[in-house]
Structures are given as structure tokens and as C-alpha cells.
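*Asks:* Here's a structure for you.
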Amino acid sequence: MSNQIRVRIAPSPTGPLHIGTARTALFNWFFARKNGGSFILRIEDTDLERSDSKFEEDIKESLQWLDLEWDEFYKQSDRIQIYKKYLQKLLDEGKAFWCCHTKEELKKENEEQIKRKEAPRHVCQHKYGKPKIKMTNGKNGIIRLLVNENSTRVIHFDDLIRGTIEWQERLIGDLSLAKSLETPLYNFAAVVDDYETKISHVIRGEDHISNTPKQILIQEALGFNSFQYAHLPLILGPDRTKLSKRHGAESIREYKKQGYLPETMNNFMALLGWRPKERNKLEKPEDIYFIDELVNLFDLKNIQKSPAVFDVKKLNWMNGYYIHQLPAEQFRAAITPFIIKELGVSMIKEDFLDKIQHLMTERIEKLSDVRNFDYFFREPEYDRGLLNWKSTPADEIKRSLILTKEAFEPVDWEIFDKDYIRRKLDDLAKENFPGDRGVVYWPLRVSLTGKEASPDPIDILNVLDKKTVMERLDNALAKFKI
RNA sequence: GCCGCCAUCGUCUAGCCCGGUCUAGGACAUCGCGUUCUCAACGCGGGAACACCGGUUCAAAUCCGGUUGGCGGUACCA
């Protein structure tokens, strides 16, 4: 089964799952699912200092939240013996060697090269013979790959997105492989794992292009066949630099926390640097693609080469769309934690949620925006002045409120008829405040919501009970007493 | 500095491979109009881009070269 498609996502657990890593995961997942291959999760925790298992958990949870299930799981810290074996082999064959230059020496070499306008690289003298300094199992040095600094070879590889990429071998220098036999470094561990786990395609961020020639050299030294490469364009912030914390949210968990839906994230991330050849089904807005469509339409060939700026406005629009489309059951499940958190309300009746669902979803972009709908759950607080409608005098506003209240007195809320109520209110306005229904509707809306912006007051009357409505009108009236 | 990658509306992009069908299409955003008690939703409409300079050609957004610009890498991080 050597033709089997096998791809991987290899995050290091040094922080929560980054949006860029998630997008790389998504594309790998698309590629695997589309081609009947396997999607592998590999935790790259060779840097013990910076790695933390709590981030490993976050990565897994975030991936699961996005519904990107992996087929196999590996963790580099479990595989030290495997790397050690290959490291020893390279050492025995004389393809790798111990370098015991100090960091200061390396830094000095580097600075001098820059001064001479040369490419910075470490050309280690220790490869020409045993280092003079005695070492006890690498404590004083690191293992490097022997690379010909005078080579005229041009290393090239075919990138599935960018075509042929070329690199001068002599510019690479004796690259580092491991700090010791038990502590491999990134490039080495990645090559060994990709080979051992039979990865067919390495699909990763553009920031890895410069690692590729190094990894090719390591593969050759080890006698491995190379892989297919595809380097994805980076995601940039609004200032066109690599997306990071100072641009706001950068991890999947933060987007989840703010009330973005996983389907929004997947749809949006998919369109960052890629676009399906075919349009979606006509019933949906342009750019809305369901996950299955994305998988079917996915093709490495039409991935963009240039980086993409992350546009939160479009993300918000898309999330609003998905929230609006949520079936009642899913909406209840999604919104409830946000109501509890944002409004401190814990007793939420399901049928009540169903009634206000579309009232809210039409004006929500993120689930956390429910904080603007407190009036559905409790008495609103507002200033008297908000009841004013244009230049209508205060006593007219008061009269409008009284008339409205009187109009509601005989109404049986059990058989609430929106058309009937609207007619009643319209008539009331026509009789008492001809030419401007706002004198009736505005104060009523404010009494009910305490907000300048809200859904149609009739719709709100429809979901509140009569007692609550009357109380809120009384509260509004009370503001005129002083 | 060095190496590499890239370059269409403010943003994501279609078109580029196989030059004419492109007075460059769509989406988000923006502006205006309609609806309207407010907001939203919805409907209609407007403005908005081929980085620059050369070359090839009857013809270039599309092909070639250069310039400029952006981004990434340049670790005993991944």
C-alpha cells in the first residue's frame, strides 16, 4: 500500500492551537478525506523546555471541536529510542558528527559572515577529525549533519503549490540534528517520523520552505525516499504581518469562547488561500460551503501562492449566517452556555428559547452577543430620557404609554394575535398621534427592552407574558412621576 | 545583510497554465435608495483593482526580463 495517501499535522505543544495551524490541519484533513487517505496528528514536543501537556490537550480539544478527527496519533517524546537509533547510524557512518563549538563561537562566526555579506551558516571544523575537546556523551556539543560547504549542487524539489523550488546546497552549512542522542531537534525528528509513519505528502505552512532542503539532506543521509511537498500561504493580520496575539484572537479556543461556530471557522479558514473551482449550491450565499462540499471540491492545485489577510468582518458575516441557519435543537445547545455566562441566567425554558431564536439570530454575529438581549430574561434598566421620541413632549409620551397600557388591559395573552395587536396599536396611534406611529411604538419598545435598538415591539410582546408587559409599562410610567 | 517565496478592488478571490470572449466577475466591507417606531434581515443600485518599467505580439491582467514592494527563513524553537 505504498500509494496510500497519508498526511499529518505536527503542532508543538507550546501554546493553544493557532489559527494558522488549524488551517493547515484543515487542508491536510481535506486532502486525506478527499483521497481516502489517513490524517495523522503528531505532537512535536522535543523541546521539553517549552512544551506543556496542557497545550497538547488544547490542541486535541480544538481539533475535535472543529470536527477534524485524526486517524493516528504520535508523540515525539514517546519515540526517543527510534531517533537515537538513526542518530547512532549516522554517526557510525560518518555522515554526522559531534560539534563542540560554544554558542559564543557560533554567534561570532555568524556575525562575521553577515559583515562579509555572506549567507550565515556554520561550517564546522570538527567534522574533519575528532574534536579536540573531550566530550561525555554529548554534554559539551551537539550532533550535526556533515554538509559540503563547497558543493555546487542545487537542491530542488517540486512543490505541489509552487512548482520547483531551488536551493544552493553550499549555503546550508552543517545543520544541527540533535542536542544529544536522546534529544533530537526538529528537522531530524520530523524527517524520521515522516518516514517511519509513511507520510506521503507533507502539507505545511510556507514558513517551512527553508527547512525543506535541510530535511532533504537528512533524508538522503538516512537513505530515505523523499515526500511530496505542498507549502501553504501564511495567514496575515490586518497589518500584513504574520497573524499573532497582538492582532487579537489567534487561537481556536478564543474563537470558540467568543461564540464562533466550528462550521464558520472551517468554512472561513478554507477560503483563506483557497477557493473551490465550482460555485456552491444556489440556495446559499456565495462563499458559504458546507464541510462535505469543501472536501469534495478540494484540490491542492488551486491553492493561492500569496499570503491571505485575516478579515474579521467577513468571519463575522459568515458566523452570523451560520447562527441564523441553526436548527432549534442545535441553537439551544449552542446558545445556552452563553446566556448563562453573559447574562447570569440559569433557568432557561426550551420553548421560550425557541420563540426568541429568530428574533436574536437575525441580529447576532457571535453567540456572545446574546448579552444584548438581557430584556428577554430580566427587567431592563434605562434612563427616562431614552423614552423620548424625537421632539414629542414628555406628557405626550406619558399619555401614549397610558393609552397603550389601557389597550392591553382587555387582551387575552393566551390567544395572542400579532395582527390584532398591531391593528389596535396602529388605530390608537392614528387617533391620538396622527402622522407619527413612532409616538406609540418607540416608548413601548423602550419600556420593553430599555434599548434604542431591538426587534419589533410586537414580536417582543408576543414572547413575554402579560404580567411582565404590564409591569414594564408601569415602570416606564413611574419614571415620569418625579 | 544573505537566501527564498510572492504580487488583480480596502479584504478574500475569479480570470492567468492554453494571449483576443475582460469597458476585469463575485463575496465581505463601504456608500446610497426602498421597507420602517429603532436595529437587524431583505431587495435594488453606486464607487472601488490588473504595483511599475521594458520586451515579445496584429493583440497582454494573461508570456519573458528587470525594478519596486510585501512576506517568510536565516537557532543547541518548531
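Residue names in the C-alpha cells use chain letters A, B, ... in the order shown, residue numbers from 1 in each chain, and ligand numbers from 1 in the order shown.
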Using only C-alpha atoms (C1' of nucleotides), find which residues of chain B lie within 10 Å of chain A and jot them down as a ChimeraX atom specification.

*Replies:* /B:1-7,11-14,26-29,37-41,70-78

*Asks:* Write out as a VMD selection string each polymer residue whose atoms come within 6 Å of Asp159 of chain A, counting only C-alpha atoms (C1' of nucleotides); drop sequence neighbours fewer than 3 positions from it.

*Replies:* chain A and resid 162 to 164 229 to 230

*Asks:* Excluding U8 of chain B and its own-chain neighbours fewer than 3 positions away, which residues fall within 9 Å of it when counting only C-alpha atoms (C1' of nucleotides)? Please give them as a PyMOL selection string.

*Replies:* chain B and resi 13+24+49-50+61

*Asks:* So, with only C-alpha atoms (C1' of nucleotides) as the atoms that count, which of B:G15, B:G10, B:G32, B:G20 lies closest to A60 of chain B?

*Replies:* B:G20

*Asks:* Quick one: residues within 8 Å of Pro16 of chain A, only C-alpha atoms (C1' of nucleotides), excluding same-chain residues fewer than 6 positions away - as a ChimeraX atom specification?

*Replies:* /A:55-56,58-59,251-253

*Asks:* Export C-alpha atoms of the chosen residues as a PDB file, in the first residue's frame?

*Replies:*
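So the final result, stored in out02.pdb, reads:
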ATOM      1  CA  PHE A  55      -1.345  22.651  25.337  1.00  0.00           C
ATOM      2  CA  GLU A  56      -1.416  19.146  23.962  1.00  0.00           C
ATOM      3  CA  ASP A  58      -5.904  22.191  23.989  1.00  0.00           C
ATOM      4  CA  ILE A  59      -4.730  21.109  20.551  1.00  0.00           C
ATOM      5  CA  SER A 251      -6.126  30.554  18.857  1.00  0.00           C
ATOM      6  CA  ILE A 252      -9.107  28.381  18.093  1.00  0.00           C
ATOM      7  CA  ARG A 253     -10.109  28.313  21.745  1.00  0.00           C
TER       8      ARG A 253
END

*Asks:* Taking only segment 150-251 of chain A into account, list the residues labelled strand (DSSP E) by DSSP (computed from the backbone), as an MDAnalysis selection string.

*Replies:* chainID A and resid 154:159 163:168 176:180 183:184 201:205 228:232 235:236

*Asks:* Kindly save the residues from that selection, with C-alpha atoms included, as a CSV table (one decimal), in the first residue's frame.

*Replies:*
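This went into out.csv:
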chain,number,residue,atom,x,y,z
A,154,VAL,CA,21.4,23.0,-6.4
A,155,ILE,CA,18.9,21.1,-4.3
A,156,HIS,CA,15.4,21.3,-5.9
A,157,PHE,CA,12.1,19.9,-5.0
A,158,ASP,CA,8.7,20.1,-6.7
A,159,ASP,CA,6.2,21.9,-4.5
A,163,GLY,CA,6.3,24.3,-8.6
A,164,THR,CA,10.1,23.8,-8.5
A,165,ILE,CA,11.9,25.4,-5.6
A,166,GLU,CA,15.7,25.6,-5.7
A,167,TRP,CA,18.3,25.9,-3.0
A,168,GLN,CA,22.1,26.1,-3.1
A,176,SER,CA,22.1,20.7,13.7
A,177,LEU,CA,20.4,17.3,14.2
A,178,ALA,CA,20.2,16.7,17.9
A,179,LYS,CA,21.5,18.1,21.2
A,180,SER,CA,22.4,14.5,22.3
A,183,THR,CA,17.3,14.9,22.4
A,184,PRO,CA,16.7,15.2,18.7
A,201,HIS,CA,2.5,14.3,1.4
A,202,VAL,CA,3.9,17.0,3.6
A,203,ILE,CA,1.4,19.8,3.6
A,204,ARG,CA,2.5,22.7,5.9
A,205,GLY,CA,3.0,26.4,6.1
A,228,GLN,CA,5.7,15.2,-1.9
A,229,TYR,CA,5.6,18.8,-0.6
A,230,ALA,CA,3.0,21.5,-0.6
A,231,HIS,CA,3.6,24.7,1.2
A,232,LEU,CA,0.6,26.7,2.1
A,235,ILE,CA,-2.2,33.9,7.3
A,236,LEU,CA,-1.5,37.6,8.0

*Asks:* Could you give me, as a count of residues only, the residues within 10 Å of segment 396-405 of chain A, counting only C-alpha atoms (C1' of nucleotides) and dropping anything in the same chain fewer than 5 positions from it?

*Replies:* 28

*Asks:* Step one, run DSSP on the backbone; step two, keep only residues of segment 42-233 of chain A assigned to alpha helix (DSSP H); then write them as a PyMOL selection string.

*Replies:* chain A and resi 53-65+80-92+103-115+186-196+212-222

*Asks:* For atom CA of Ile5 of chain A and atom CA of Lys85 of chain A, determine how far apart the two atoms are, in Å to one decimal place.

*Replies:*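 That distance, rounded to one decimal, is 26.6 Å.
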
*Asks:* Can you list, as an MDAnalysis selection string, every protein, DNA or RNA residue that comes within 12 Å of C63 of chain B when you count only C-alpha atoms (C1' of nucleotides), leaving out same-chain residues fewer than 3 positions away?

*Replies:* chainID B and resid 16:19 55:57 60

*Asks:* Interatomic distance between atom CA of Ser151 of chain A and atom CA of Asp194 of chain A?

*Replies:*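 Value for the atom CA of Ser151 of chain A-atom CA of Asp194 of chain A distance: 26.7 Å.
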
*Asks:* Given only C-alpha atoms as the basis, pick out the residue of A:Leu261, A:Ile40, A:Ala394, A:Ile291 nearest to Ala333 of chain A.

*Replies:*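 For Ala333 of chain A, the nearest of the candidates is A:Leu261.
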
*Asks:* Atom CA of Asp383 of chain A and atom CA of Ser346 of chain A, how far apart in Å?

*Replies:* 26.9 Å

*Asks:* Which residues are near Gly173 of chain A? Cut-off 10 Å, only C-alpha atoms (C1' of nucleotides), ignore same chain within fewer than 2 positions. Put them as a ChimeraX atom specification.

*Replies:* /A:119-124,144-150,169-171,175-176,214
